[in-house]
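Q: Next up is a structure, given as structure tokens.
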Amino acid sequence: MTAAGPLGADSVAAAGLAGRVVYAAGAGRDTSAEDTAAAVRAVVAEGVDLLLFAGGDGTARDVLGALRDVPCPVLGIPTGVKMHSAVFGVSPRAAGEVAAAWLARSSTVRLRDAEVMDRDEDALSRGRVASQLFGWLRVPDVPARVQQRKTGSTATTPEAVGGIATDVAERVGDGLLVLGPGSTTRAVAARLGADVSLTGVDVLRLRPGHRPRIVARDAGEDTLLSVGPAWIALSPIGGQGFLLGRGNQQISPRVLRAAGGRERLLVLCTEQKLAALGGRPLLLDTGDDALNAELSGHLPVITGRRRTSLYRLVG
């Protein structure tokens with residue numbers, strides 16, 4: 001076990017875990033990337049079959065830096081805001097299943113090199129979502145339980161985006177629209193006549209024959225709950241297929257239930273982006289197993305004006 005901040009031997013025992021603390025950050029201060037790297041080195045020095053870490057891409061980069069010269073199988077438990085790297089389970093539960101399969105020495109589980117990615121801030125400043133490669137870590141290869149890396153945005157034709165925007169406007173009519181982050185949703189908003197953020201969640205008021213009005217920018221959960229009933233429009237992450245639980249945690253289970261669940265969820269995706277998934281399902285990781293089950297199944301994906309593809313969602 002490792003410990004940082006307030007976690008210590010007493011906390012480990014209270015959790016019913018057998019182990020001992022091999023690293024503890026100094027009391028009374030915030031932990032840092034250096035603490036993560038030091039904890040990783042301390043654990044690996046003890047000899048481990050699999051290193052589990054919880055966090056997002058930033059933590060994955062810290063782990064990579066600590067393991068540059070010390071090969072050790074790792075697996076990320078997704079708890080961060082952005083997880084573009086291919087070193088995470090598709091959910092915390094899936095990460096546990098992968099760890100159990102690896103530790104059971106299942107003959108079907110092999111190790112593979114997985115990309116450690118993080119958001120390219122230079123590209124973001126130019127209005128484009130892209131990821132930068134920082135290196136590779138060895139992870140157990142369990143299909144459908146370990147996520148793919150995020151790929152760059154696919155090119156979208158004006159005709160495809162315009163068709164999706166028109167279809168969304170017809171469905172929403174006179175009402176509120178919550179737009180999740182991403183290049184596709186931003187392009188759709190632009191065709192509707194609104195300039196929204198690339199990485200945040202925005203709320204638009206639509207009225208037929210009028211330009212959209214921005215009700216809220218970069219809205220958090222409390223704001224989304226306060227605006228009233230709304231449609232929610234999301235686009236999956238390219239390459240990974242995540243629809244919920246990666247980069248749009250503001251759209252929480254409470255927000256989704258308040259909106260009406262499946263009936264008010266609009267999935268936006270060009271045919272090219274959908275085809276690039278190669279038949280893999282769209283993924284849900286809301287943190288609420290019951291809601292994941294409610295949303296799972298086949299759902300229409302809007303690919304153009306009055307054009308939809310039934311596609312499978314799994315949580």
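Labeling convention for the structure tokens: chains A, B, ... as they appear, residues from 1 per chain, ligands from 1 in order of appearance.
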Can you list, as a PyMOL selection string, every protein, DNA or RNA residue that comes within 10 Å of A:Gly182 when you count only C-alpha atoms, leaving out same-chain residues fewer than 2 positions away?
A: chain A and resi 128-129+153+179-180+184-187+197-201+234-238+247-248
Q: Those residues you just picked out, can you put them in a file as a compact mmCIF listing (two decimals), in the first residue's frame with all heavy atoms?
A:
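Output (part.txt):
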```txt
# COMPACT_ATOMS: atom_id res chain seq x y z
N ARG A 128 -8.64 23.55 -31.42
CA ARG A 128 -8.72 22.15 -31.87
C ARG A 128 -8.39 21.23 -30.72
O ARG A 128 -7.44 21.48 -29.97
CB ARG A 128 -7.74 21.92 -33.04
CG ARG A 128 -7.82 20.55 -33.68
CD ARG A 128 -6.99 20.50 -34.95
NE ARG A 128 -5.59 20.72 -34.67
CZ ARG A 128 -4.71 19.73 -34.39
NH1 ARG A 128 -5.13 18.48 -34.35
NH2 ARG A 128 -3.45 20.00 -34.17
N VAL A 129 -9.20 20.17 -30.56
CA VAL A 129 -8.93 19.18 -29.51
C VAL A 129 -7.99 18.12 -30.09
O VAL A 129 -8.32 17.46 -31.08
CB VAL A 129 -10.22 18.52 -29.02
CG1 VAL A 129 -9.90 17.44 -27.98
CG2 VAL A 129 -11.15 19.56 -28.40
N SER A 153 -9.54 14.59 -33.79
CA SER A 153 -10.84 14.83 -34.39
C SER A 153 -10.82 14.48 -35.88
O SER A 153 -9.89 14.81 -36.60
CB SER A 153 -11.24 16.31 -34.22
OG SER A 153 -11.25 16.67 -32.87
N LEU A 179 -25.10 21.46 -24.30
CA LEU A 179 -24.12 20.95 -25.25
C LEU A 179 -22.87 20.49 -24.52
O LEU A 179 -22.23 21.26 -23.81
CB LEU A 179 -23.73 22.04 -26.25
CG LEU A 179 -24.61 22.23 -27.49
CD1 LEU A 179 -24.11 23.44 -28.28
CD2 LEU A 179 -24.59 20.99 -28.37
N GLY A 180 -22.52 19.22 -24.68
CA GLY A 180 -21.29 18.70 -24.11
C GLY A 180 -20.08 19.20 -24.87
O GLY A 180 -20.20 19.82 -25.94
N THR A 184 -17.20 18.22 -32.45
CA THR A 184 -18.45 18.03 -33.17
C THR A 184 -19.55 18.92 -32.63
O THR A 184 -20.26 19.60 -33.38
CB THR A 184 -18.88 16.55 -33.11
OG1 THR A 184 -17.87 15.73 -33.68
CG2 THR A 184 -20.19 16.34 -33.86
N THR A 185 -19.71 18.93 -31.31
CA THR A 185 -20.77 19.75 -30.72
C THR A 185 -20.50 21.24 -30.94
O THR A 185 -21.43 22.02 -31.16
CB THR A 185 -20.92 19.47 -29.21
OG1 THR A 185 -19.63 19.49 -28.59
CG2 THR A 185 -21.55 18.10 -28.99
N ARG A 186 -19.23 21.63 -30.92
CA ARG A 186 -18.92 23.04 -31.16
C ARG A 186 -19.24 23.43 -32.60
O ARG A 186 -19.76 24.53 -32.87
CB ARG A 186 -17.45 23.32 -30.86
CG ARG A 186 -17.13 24.81 -30.82
CD ARG A 186 -15.67 25.08 -30.67
NE ARG A 186 -15.42 26.47 -30.30
CZ ARG A 186 -14.25 27.06 -30.47
NH1 ARG A 186 -13.21 26.38 -30.97
NH2 ARG A 186 -14.08 28.33 -30.13
N ALA A 187 -18.95 22.53 -33.55
CA ALA A 187 -19.26 22.80 -34.95
C ALA A 187 -20.77 22.89 -35.17
O ALA A 187 -21.25 23.72 -35.94
CB ALA A 187 -18.65 21.72 -35.85
N SER A 197 -17.84 27.04 -25.94
CA SER A 197 -16.50 26.60 -25.54
C SER A 197 -16.20 25.23 -26.13
O SER A 197 -17.11 24.46 -26.44
CB SER A 197 -16.38 26.58 -24.02
OG SER A 197 -17.35 25.72 -23.46
N LEU A 198 -14.91 24.94 -26.26
CA LEU A 198 -14.49 23.67 -26.84
C LEU A 198 -14.42 22.55 -25.82
O LEU A 198 -14.68 21.39 -26.13
CB LEU A 198 -13.12 23.86 -27.51
CG LEU A 198 -12.53 22.69 -28.29
CD1 LEU A 198 -13.46 22.25 -29.42
CD2 LEU A 198 -11.17 23.07 -28.85
N THR A 199 -14.09 22.90 -24.58
CA THR A 199 -13.89 21.86 -23.57
C THR A 199 -14.89 21.94 -22.42
O THR A 199 -14.83 21.12 -21.50
CB THR A 199 -12.46 21.95 -22.98
OG1 THR A 199 -12.27 23.25 -22.41
CG2 THR A 199 -11.42 21.72 -24.07
N GLY A 200 -15.80 22.90 -22.45
CA GLY A 200 -16.78 23.04 -21.37
C GLY A 200 -18.16 22.59 -21.79
O GLY A 200 -18.39 22.14 -22.91
N VAL A 201 -19.10 22.71 -20.86
CA VAL A 201 -20.50 22.39 -21.10
C VAL A 201 -21.29 23.70 -21.10
O VAL A 201 -21.23 24.46 -20.14
CB VAL A 201 -21.05 21.44 -20.01
CG1 VAL A 201 -22.55 21.21 -20.21
CG2 VAL A 201 -20.31 20.11 -20.04
N LEU A 234 -24.64 15.26 -26.90
CA LEU A 234 -23.28 14.80 -26.67
C LEU A 234 -22.73 14.15 -27.92
O LEU A 234 -23.48 13.61 -28.74
CB LEU A 234 -23.24 13.77 -25.53
CG LEU A 234 -23.78 14.20 -24.16
CD1 LEU A 234 -23.87 12.99 -23.25
CD2 LEU A 234 -22.89 15.26 -23.55
N SER A 235 -21.41 14.18 -28.05
CA SER A 235 -20.74 13.46 -29.13
C SER A 235 -19.67 12.57 -28.51
O SER A 235 -18.97 12.99 -27.58
CB SER A 235 -20.10 14.44 -30.11
OG SER A 235 -19.56 13.75 -31.23
N PRO A 236 -19.53 11.32 -28.97
CA PRO A 236 -18.54 10.42 -28.37
C PRO A 236 -17.11 10.87 -28.65
O PRO A 236 -16.84 11.55 -29.64
CB PRO A 236 -18.84 9.07 -29.03
CG PRO A 236 -19.52 9.42 -30.32
CD PRO A 236 -20.29 10.68 -30.06
N ILE A 237 -16.21 10.47 -27.76
CA ILE A 237 -14.78 10.77 -27.93
C ILE A 237 -14.23 9.89 -29.05
O ILE A 237 -14.41 8.67 -29.05
CB ILE A 237 -14.02 10.52 -26.63
CG1 ILE A 237 -14.48 11.51 -25.55
CG2 ILE A 237 -12.51 10.64 -26.85
CD1 ILE A 237 -13.84 11.29 -24.21
N GLY A 238 -13.54 10.51 -29.99
CA GLY A 238 -12.99 9.77 -31.12
C GLY A 238 -12.01 8.69 -30.69
O GLY A 238 -11.15 8.92 -29.85
N GLY A 247 -14.49 13.76 -19.41
CA GLY A 247 -14.45 15.15 -19.81
C GLY A 247 -15.78 15.87 -19.74
O GLY A 247 -15.83 17.07 -20.00
N ASN A 248 -16.86 15.16 -19.40
CA ASN A 248 -18.16 15.83 -19.29
C ASN A 248 -18.86 15.42 -17.99
O ASN A 248 -20.08 15.26 -17.95
CB ASN A 248 -19.05 15.52 -20.50
CG ASN A 248 -19.22 14.02 -20.73
OD1 ASN A 248 -18.95 13.20 -19.87
ND2 ASN A 248 -19.69 13.67 -21.92
```
Q: Name the residues in contact with A:Arg61 at a cut-off of 9 Å, using only C-alpha atoms, excluding same-chain residues fewer than 3 positions from it; report them as an mmCIF file with all heavy atoms, in the first residue's frame.
A:
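In the end it all went to part_37.cif:
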```cif
data_model
loop_
_atom_site.group_PDB
_atom_site.id
_atom_site.type_symbol
_atom_site.label_atom_id
_atom_site.label_comp_id
_atom_site.auth_asym_id
_atom_site.auth_seq_id
_atom_site.Cartn_x
_atom_site.Cartn_y
_atom_site.Cartn_z
ATOM 1 N N GLY A 56 -6.100 10.562 -13.590
ATOM 2 C CA GLY A 56 -6.334 10.828 -15.003
ATOM 3 C C GLY A 56 -5.027 10.879 -15.749
ATOM 4 O O GLY A 56 -4.016 10.303 -15.324
ATOM 5 N N ASP A 57 -5.016 11.601 -16.877
ATOM 6 C CA ASP A 57 -3.819 11.631 -17.715
ATOM 7 C C ASP A 57 -2.612 12.230 -16.997
ATOM 8 O O ASP A 57 -1.483 11.785 -17.202
ATOM 9 C CB ASP A 57 -4.105 12.439 -18.991
ATOM 10 C CG ASP A 57 -5.037 11.711 -19.944
ATOM 11 O OD1 ASP A 57 -4.961 10.472 -20.011
ATOM 12 O OD2 ASP A 57 -5.838 12.380 -20.618
ATOM 13 N N GLY A 58 -2.836 13.239 -16.151
ATOM 14 C CA GLY A 58 -1.717 13.829 -15.422
ATOM 15 C C GLY A 58 -1.042 12.826 -14.513
ATOM 16 O O GLY A 58 0.196 12.755 -14.448
ATOM 17 N N LEU A 64 4.418 7.282 -15.517
ATOM 18 C CA LEU A 64 5.349 7.013 -16.616
ATOM 19 C C LEU A 64 6.735 7.543 -16.286
ATOM 20 O O LEU A 64 7.742 6.845 -16.484
ATOM 21 C CB LEU A 64 4.824 7.671 -17.898
ATOM 22 C CG LEU A 64 5.752 7.644 -19.111
ATOM 23 C CD1 LEU A 64 5.937 6.203 -19.608
ATOM 24 C CD2 LEU A 64 5.205 8.532 -20.226
ATOM 25 N N GLY A 65 6.814 8.761 -15.762
ATOM 26 C CA GLY A 65 8.115 9.331 -15.422
ATOM 27 C C GLY A 65 8.845 8.525 -14.368
ATOM 28 O O GLY A 65 10.071 8.372 -14.427
ATOM 29 N N ALA A 66 8.103 7.971 -13.420
ATOM 30 C CA ALA A 66 8.728 7.195 -12.345
ATOM 31 C C ALA A 66 9.176 5.822 -12.817
ATOM 32 O O ALA A 66 10.054 5.207 -12.194
ATOM 33 C CB ALA A 66 7.758 7.055 -11.179
ATOM 34 N N VAL A 116 0.462 6.628 -23.304
ATOM 35 C CA VAL A 116 0.174 7.649 -22.294
ATOM 36 C C VAL A 116 0.020 8.962 -23.049
ATOM 37 O O VAL A 116 0.978 9.460 -23.646
ATOM 38 C CB VAL A 116 1.290 7.753 -21.243
ATOM 39 C CG1 VAL A 116 1.005 8.903 -20.281
ATOM 40 C CG2 VAL A 116 1.418 6.446 -20.481
ATOM 41 N N MET A 117 -1.203 9.492 -23.044
ATOM 42 C CA MET A 117 -1.529 10.693 -23.806
ATOM 43 C C MET A 117 -1.987 11.790 -22.848
ATOM 44 O O MET A 117 -2.398 11.525 -21.725
ATOM 45 C CB MET A 117 -2.670 10.410 -24.807
ATOM 46 C CG MET A 117 -2.548 9.131 -25.598
ATOM 47 S SD MET A 117 -1.359 9.236 -26.932
ATOM 48 C CE MET A 117 -2.179 10.386 -28.041
ATOM 49 N N ASP A 118 -1.922 13.008 -23.312
ATOM 50 C CA ASP A 118 -2.526 14.126 -22.580
ATOM 51 C C ASP A 118 -2.910 15.183 -23.597
ATOM 52 O O ASP A 118 -2.452 15.164 -24.751
ATOM 53 C CB ASP A 118 -1.559 14.701 -21.538
ATOM 54 C CG ASP A 118 -2.301 15.375 -20.379
ATOM 55 O OD1 ASP A 118 -3.521 15.614 -20.513
ATOM 56 O OD2 ASP A 118 -1.666 15.662 -19.361
ATOM 57 N N PHE A 134 3.167 10.888 -24.846
ATOM 58 C CA PHE A 134 4.289 11.074 -23.936
ATOM 59 C C PHE A 134 5.102 9.794 -23.735
ATOM 60 O O PHE A 134 6.225 9.856 -23.237
ATOM 61 C CB PHE A 134 3.788 11.589 -22.583
ATOM 62 C CG PHE A 134 3.349 13.023 -22.627
ATOM 63 C CD1 PHE A 134 2.057 13.348 -22.985
ATOM 64 C CD2 PHE A 134 4.248 14.046 -22.355
ATOM 65 C CE1 PHE A 134 1.652 14.676 -23.053
ATOM 66 C CE2 PHE A 134 3.849 15.370 -22.415
ATOM 67 C CZ PHE A 134 2.548 15.690 -22.768
ATOM 68 N N GLY A 135 4.546 8.649 -24.077
ATOM 69 C CA GLY A 135 5.267 7.391 -23.908
ATOM 70 C C GLY A 135 4.307 6.229 -23.774
ATOM 71 O O GLY A 135 3.117 6.354 -24.055
#
```
Q: If we count only C-alpha atoms and set the cut-off at 7 Å, which residues sit around A:Glu115, ignoring sequence neighbours fewer than 4 positions away in its own chain? Please answer as a PyMOL selection string.
A: chain A and resi 85-87+133+135-137+149
Q: Take the selection from the previous step and output its residues with all heavy atoms, as a PDB file, in the first residue's frame.
A:
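The resulting file, out-v4.pdb, is shown below:
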```pdb
ATOM      1  N   SER A  85      -5.462   8.635 -22.329  1.00  0.00           N
ATOM      2  CA  SER A  85      -4.493   7.541 -22.388  1.00  0.00           C
ATOM      3  C   SER A  85      -5.186   6.184 -22.471  1.00  0.00           C
ATOM      4  O   SER A  85      -6.325   6.022 -22.030  1.00  0.00           O
ATOM      5  CB  SER A  85      -3.583   7.577 -21.160  1.00  0.00           C
ATOM      6  OG  SER A  85      -2.940   8.821 -21.031  1.00  0.00           O
ATOM      7  N   ALA A  86      -4.437   5.212 -23.010  1.00  0.00           N
ATOM      8  CA  ALA A  86      -4.979   3.856 -23.168  1.00  0.00           C
ATOM      9  C   ALA A  86      -4.542   2.939 -22.038  1.00  0.00           C
ATOM     10  O   ALA A  86      -4.427   1.732 -22.223  1.00  0.00           O
ATOM     11  CB  ALA A  86      -4.530   3.277 -24.511  1.00  0.00           C
ATOM     12  N   VAL A  87      -4.314   3.503 -20.861  1.00  0.00           N
ATOM     13  CA  VAL A  87      -3.821   2.704 -19.735  1.00  0.00           C
ATOM     14  C   VAL A  87      -4.891   2.509 -18.661  1.00  0.00           C
ATOM     15  O   VAL A  87      -4.608   1.928 -17.614  1.00  0.00           O
ATOM     16  CB  VAL A  87      -2.572   3.364 -19.095  1.00  0.00           C
ATOM     17  CG1 VAL A  87      -1.450   3.472 -20.126  1.00  0.00           C
ATOM     18  CG2 VAL A  87      -2.903   4.729 -18.521  1.00  0.00           C
ATOM     19  N   LEU A 133       1.373  12.451 -27.446  1.00  0.00           N
ATOM     20  CA  LEU A 133       1.915  11.200 -26.925  1.00  0.00           C
ATOM     21  C   LEU A 133       3.137  11.483 -26.064  1.00  0.00           C
ATOM     22  O   LEU A 133       4.058  12.196 -26.474  1.00  0.00           O
ATOM     23  CB  LEU A 133       2.300  10.280 -28.090  1.00  0.00           C
ATOM     24  CG  LEU A 133       2.995   8.961 -27.720  1.00  0.00           C
ATOM     25  CD1 LEU A 133       2.043   8.062 -26.948  1.00  0.00           C
ATOM     26  CD2 LEU A 133       3.504   8.261 -28.980  1.00  0.00           C
ATOM     27  N   GLY A 135       4.546   8.649 -24.077  1.00  0.00           N
ATOM     28  CA  GLY A 135       5.267   7.391 -23.908  1.00  0.00           C
ATOM     29  C   GLY A 135       4.307   6.229 -23.774  1.00  0.00           C
ATOM     30  O   GLY A 135       3.117   6.354 -24.055  1.00  0.00           O
ATOM     31  N   TRP A 136       4.848   5.082 -23.359  1.00  0.00           N
ATOM     32  CA  TRP A 136       4.044   3.867 -23.251  1.00  0.00           C
ATOM     33  C   TRP A 136       4.245   3.218 -21.885  1.00  0.00           C
ATOM     34  O   TRP A 136       5.336   3.271 -21.307  1.00  0.00           O
ATOM     35  CB  TRP A 136       4.459   2.861 -24.333  1.00  0.00           C
ATOM     36  CG  TRP A 136       4.088   3.251 -25.721  1.00  0.00           C
ATOM     37  CD1 TRP A 136       2.962   2.889 -26.419  1.00  0.00           C
ATOM     38  CD2 TRP A 136       4.857   4.070 -26.610  1.00  0.00           C
ATOM     39  NE1 TRP A 136       2.978   3.439 -27.674  1.00  0.00           N
ATOM     40  CE2 TRP A 136       4.127   4.176 -27.817  1.00  0.00           C
ATOM     41  CE3 TRP A 136       6.075   4.744 -26.499  1.00  0.00           C
ATOM     42  CZ2 TRP A 136       4.587   4.908 -28.904  1.00  0.00           C
ATOM     43  CZ3 TRP A 136       6.535   5.493 -27.580  1.00  0.00           C
ATOM     44  CH2 TRP A 136       5.794   5.565 -28.762  1.00  0.00           C
ATOM     45  N   LEU A 137       3.196   2.597 -21.405  1.00  0.00           N
ATOM     46  CA  LEU A 137       3.260   1.758 -20.214  1.00  0.00           C
ATOM     47  C   LEU A 137       2.707   0.382 -20.575  1.00  0.00           C
ATOM     48  O   LEU A 137       1.865   0.250 -21.480  1.00  0.00           O
ATOM     49  CB  LEU A 137       2.429   2.365 -19.079  1.00  0.00           C
ATOM     50  CG  LEU A 137       2.992   3.628 -18.412  1.00  0.00           C
ATOM     51  CD1 LEU A 137       1.956   4.248 -17.481  1.00  0.00           C
ATOM     52  CD2 LEU A 137       4.279   3.306 -17.634  1.00  0.00           C
ATOM     53  N   ARG A 149      -6.985   4.538 -26.769  1.00  0.00           N
ATOM     54  CA  ARG A 149      -6.530   5.924 -26.667  1.00  0.00           C
ATOM     55  C   ARG A 149      -7.466   6.835 -27.455  1.00  0.00           C
ATOM     56  O   ARG A 149      -8.152   6.394 -28.378  1.00  0.00           O
ATOM     57  CB  ARG A 149      -5.108   6.062 -27.210  1.00  0.00           C
ATOM     58  CG  ARG A 149      -4.981   5.872 -28.718  1.00  0.00           C
ATOM     59  CD  ARG A 149      -3.543   6.081 -29.156  1.00  0.00           C
ATOM     60  NE  ARG A 149      -3.358   5.845 -30.583  1.00  0.00           N
ATOM     61  CZ  ARG A 149      -3.517   6.769 -31.519  1.00  0.00           C
ATOM     62  NH1 ARG A 149      -3.867   7.996 -31.189  1.00  0.00           N
ATOM     63  NH2 ARG A 149      -3.323   6.489 -32.794  1.00  0.00           N
TER      64      ARG A 149
END
```
Q: At what distance in Å, to one decimal, does atom CA of A:Gln148 lie from atom CA of A:Gly304?
A: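 Going from atom CA of A:Gly304 over to atom CA of A:Gln148, I get 26.3 Å.
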Q: May I have the residues within 9 Å of A:Leu111 as a list in words, using only C-alpha atoms and disregarding those fewer than 5 positions away in the same chain?
A: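 What passes the distance filter is Pro73, Arg138, Val139, Pro140, Asp141 and Val142 of chain A.
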Q: Report the distance between atom CA of A:Ala114 and atom CA of A:Ala37 in Å, rounded to one decimal place.
A: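 Interatomic distance, atom CA of A:Ala114 to atom CA of A:Ala37: 19.0 Å.
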Q: Which residues come within 8 Å of stretch 206-216 of chain A, counting only C-alpha atoms, excluding same-chain residues fewer than 6 positions away, as an MDAnalysis selection string?
A: chainID A and resid 169 172:177 192:194 223
Q: Could you turn the residues from that selection into a file that holds all heavy atoms, as a PDB file, in the first residue's frame?
A:
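Contents of out.pdb, freshly written:
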```pdb
ATOM      1  N   ALA A 169     -32.063  21.247 -34.073  1.00  0.00           N
ATOM      2  CA  ALA A 169     -32.964  22.386 -33.909  1.00  0.00           C
ATOM      3  C   ALA A 169     -34.422  21.959 -34.046  1.00  0.00           C
ATOM      4  O   ALA A 169     -35.294  22.426 -33.293  1.00  0.00           O
ATOM      5  CB  ALA A 169     -32.628  23.467 -34.928  1.00  0.00           C
ATOM      6  N   VAL A 172     -35.396  20.010 -30.749  1.00  0.00           N
ATOM      7  CA  VAL A 172     -35.485  20.821 -29.539  1.00  0.00           C
ATOM      8  C   VAL A 172     -36.629  21.835 -29.644  1.00  0.00           C
ATOM      9  O   VAL A 172     -37.339  22.090 -28.663  1.00  0.00           O
ATOM     10  CB  VAL A 172     -34.149  21.541 -29.274  1.00  0.00           C
ATOM     11  CG1 VAL A 172     -34.272  22.500 -28.092  1.00  0.00           C
ATOM     12  CG2 VAL A 172     -33.049  20.520 -29.012  1.00  0.00           C
ATOM     13  N   GLY A 173     -36.812  22.412 -30.841  1.00  0.00           N
ATOM     14  CA  GLY A 173     -37.863  23.412 -31.008  1.00  0.00           C
ATOM     15  C   GLY A 173     -37.609  24.630 -30.143  1.00  0.00           C
ATOM     16  O   GLY A 173     -36.522  25.211 -30.153  1.00  0.00           O
ATOM     17  N   ASP A 174     -38.607  25.037 -29.376  1.00  0.00           N
ATOM     18  CA  ASP A 174     -38.476  26.160 -28.449  1.00  0.00           C
ATOM     19  C   ASP A 174     -38.105  25.571 -27.088  1.00  0.00           C
ATOM     20  O   ASP A 174     -38.975  25.118 -26.334  1.00  0.00           O
ATOM     21  CB  ASP A 174     -39.799  26.924 -28.368  1.00  0.00           C
ATOM     22  CG  ASP A 174     -39.667  28.205 -27.551  1.00  0.00           C
ATOM     23  OD1 ASP A 174     -38.638  28.371 -26.854  1.00  0.00           O
ATOM     24  OD2 ASP A 174     -40.590  29.031 -27.594  1.00  0.00           O
ATOM     25  N   GLY A 175     -36.812  25.542 -26.780  1.00  0.00           N
ATOM     26  CA  GLY A 175     -36.399  24.902 -25.533  1.00  0.00           C
ATOM     27  C   GLY A 175     -34.927  25.101 -25.258  1.00  0.00           C
ATOM     28  O   GLY A 175     -34.213  25.810 -25.972  1.00  0.00           O
ATOM     29  N   LEU A 176     -34.449  24.455 -24.212  1.00  0.00           N
ATOM     30  CA  LEU A 176     -33.066  24.551 -23.776  1.00  0.00           C
ATOM     31  C   LEU A 176     -32.268  23.356 -24.277  1.00  0.00           C
ATOM     32  O   LEU A 176     -32.766  22.225 -24.319  1.00  0.00           O
ATOM     33  CB  LEU A 176     -32.986  24.609 -22.251  1.00  0.00           C
ATOM     34  CG  LEU A 176     -33.553  25.865 -21.574  1.00  0.00           C
ATOM     35  CD1 LEU A 176     -33.569  25.670 -20.055  1.00  0.00           C
ATOM     36  CD2 LEU A 176     -32.730  27.090 -21.938  1.00  0.00           C
ATOM     37  N   LEU A 177     -31.026  23.617 -24.642  1.00  0.00           N
ATOM     38  CA  LEU A 177     -30.127  22.571 -25.125  1.00  0.00           C
ATOM     39  C   LEU A 177     -28.810  22.652 -24.366  1.00  0.00           C
ATOM     40  O   LEU A 177     -28.139  23.679 -24.385  1.00  0.00           O
ATOM     41  CB  LEU A 177     -29.875  22.733 -26.625  1.00  0.00           C
ATOM     42  CG  LEU A 177     -28.872  21.762 -27.249  1.00  0.00           C
ATOM     43  CD1 LEU A 177     -29.400  20.327 -27.216  1.00  0.00           C
ATOM     44  CD2 LEU A 177     -28.548  22.174 -28.689  1.00  0.00           C
ATOM     45  N   LEU A 192     -25.633  26.539 -35.778  1.00  0.00           N
ATOM     46  CA  LEU A 192     -26.874  27.080 -35.211  1.00  0.00           C
ATOM     47  C   LEU A 192     -26.767  28.585 -34.975  1.00  0.00           C
ATOM     48  O   LEU A 192     -27.781  29.262 -34.794  1.00  0.00           O
ATOM     49  CB  LEU A 192     -27.201  26.385 -33.888  1.00  0.00           C
ATOM     50  CG  LEU A 192     -27.615  24.907 -33.972  1.00  0.00           C
ATOM     51  CD1 LEU A 192     -27.719  24.313 -32.572  1.00  0.00           C
ATOM     52  CD2 LEU A 192     -28.934  24.749 -34.719  1.00  0.00           C
ATOM     53  N   GLY A 193     -25.501  29.089 -34.957  1.00  0.00           N
ATOM     54  CA  GLY A 193     -25.291  30.514 -34.761  1.00  0.00           C
ATOM     55  C   GLY A 193     -24.761  30.884 -33.403  1.00  0.00           C
ATOM     56  O   GLY A 193     -24.885  32.047 -32.980  1.00  0.00           O
ATOM     57  N   ALA A 194     -24.145  29.947 -32.684  1.00  0.00           N
ATOM     58  CA  ALA A 194     -23.632  30.216 -31.343  1.00  0.00           C
ATOM     59  C   ALA A 194     -22.161  29.826 -31.259  1.00  0.00           C
ATOM     60  O   ALA A 194     -21.742  28.809 -31.812  1.00  0.00           O
ATOM     61  CB  ALA A 194     -24.435  29.446 -30.297  1.00  0.00           C
ATOM     62  N   THR A 223     -25.425  24.532 -11.920  1.00  0.00           N
ATOM     63  CA  THR A 223     -26.046  25.377 -12.942  1.00  0.00           C
ATOM     64  C   THR A 223     -26.938  24.562 -13.859  1.00  0.00           C
ATOM     65  O   THR A 223     -28.054  24.983 -14.198  1.00  0.00           O
ATOM     66  CB  THR A 223     -24.967  26.097 -13.767  1.00  0.00           C
ATOM     67  OG1 THR A 223     -24.182  26.924 -12.911  1.00  0.00           O
ATOM     68  CG2 THR A 223     -25.587  26.948 -14.868  1.00  0.00           C
TER      69      THR A 223
END
```
Q: Can you tell me, as number ranges by chain, what residues are no more than 12 Å from stretch 42-44 of chain A when counting only C-alpha atoms, ignoring any on the same chain fewer than 4 positions away?
A: A: 1-3, 19-25, 35-38, 48-53, 63, 66-67, 69-74
Q: Env of A:Val301: 9 Å cut, atoms = only C-alpha atoms, seq-sep filter 4 positions within chain, self excluded. Answer as a list in words.
A: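 The contact residues come out as Leu266, Val267, Leu268, Cys269, Thr270, Arg307, Thr308, Ser309, Leu310 and Tyr311 of chain A.
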Q: Going by DSSP on the backbone, which bits of stretch 18-103 of chain A are helix (DSSP H, G or I)? Write them as a short mmCIF file (atom, residue, chain, number, x, y, z; two decimals) with C-alpha atoms, in the first residue's frame, please.
A:
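Result file part36.cif:
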```cif
data_model
loop_
_atom_site.label_atom_id
_atom_site.label_comp_id
_atom_site.auth_asym_id
_atom_site.auth_seq_id
_atom_site.Cartn_x
_atom_site.Cartn_y
_atom_site.Cartn_z
CA ALA A 33 3.56 14.99 -8.74
CA GLU A 34 6.83 14.33 -6.93
CA ASP A 35 4.91 12.48 -4.21
CA THR A 36 3.21 10.31 -6.84
CA ALA A 37 6.55 9.44 -8.43
CA ALA A 38 8.14 8.71 -5.04
CA ALA A 39 5.22 6.49 -4.04
CA VAL A 40 5.45 4.58 -7.33
CA ARG A 41 9.17 3.97 -6.88
CA ALA A 42 8.65 2.84 -3.29
CA VAL A 43 5.94 0.35 -4.27
CA VAL A 44 7.91 -1.07 -7.19
CA ALA A 45 10.98 -1.49 -4.97
CA GLU A 46 8.87 -3.78 -2.76
CA ASP A 57 -3.82 11.63 -17.72
CA GLY A 58 -1.72 13.83 -15.42
CA THR A 59 -1.27 10.99 -12.95
CA ALA A 60 -0.49 8.58 -15.79
CA ARG A 61 2.30 10.92 -16.90
CA ASP A 62 3.68 11.00 -13.35
CA VAL A 63 3.65 7.19 -13.21
CA LEU A 64 5.35 7.01 -16.62
CA GLY A 65 8.12 9.33 -15.42
CA ALA A 66 8.73 7.19 -12.35
CA PRO A 92 -13.38 1.44 -11.93
CA ARG A 93 -15.26 -1.87 -11.86
CA ALA A 94 -13.63 -2.93 -15.13
CA ALA A 95 -10.20 -2.05 -13.75
CA GLY A 96 -10.88 -4.38 -10.81
CA GLU A 97 -11.93 -7.17 -13.19
CA VAL A 98 -8.76 -6.73 -15.26
CA ALA A 99 -6.56 -6.74 -12.15
CA ALA A 100 -8.24 -9.92 -10.90
CA ALA A 101 -7.76 -11.64 -14.26
CA TRP A 102 -4.08 -10.66 -14.37
CA LEU A 103 -3.35 -11.70 -10.80
#
```
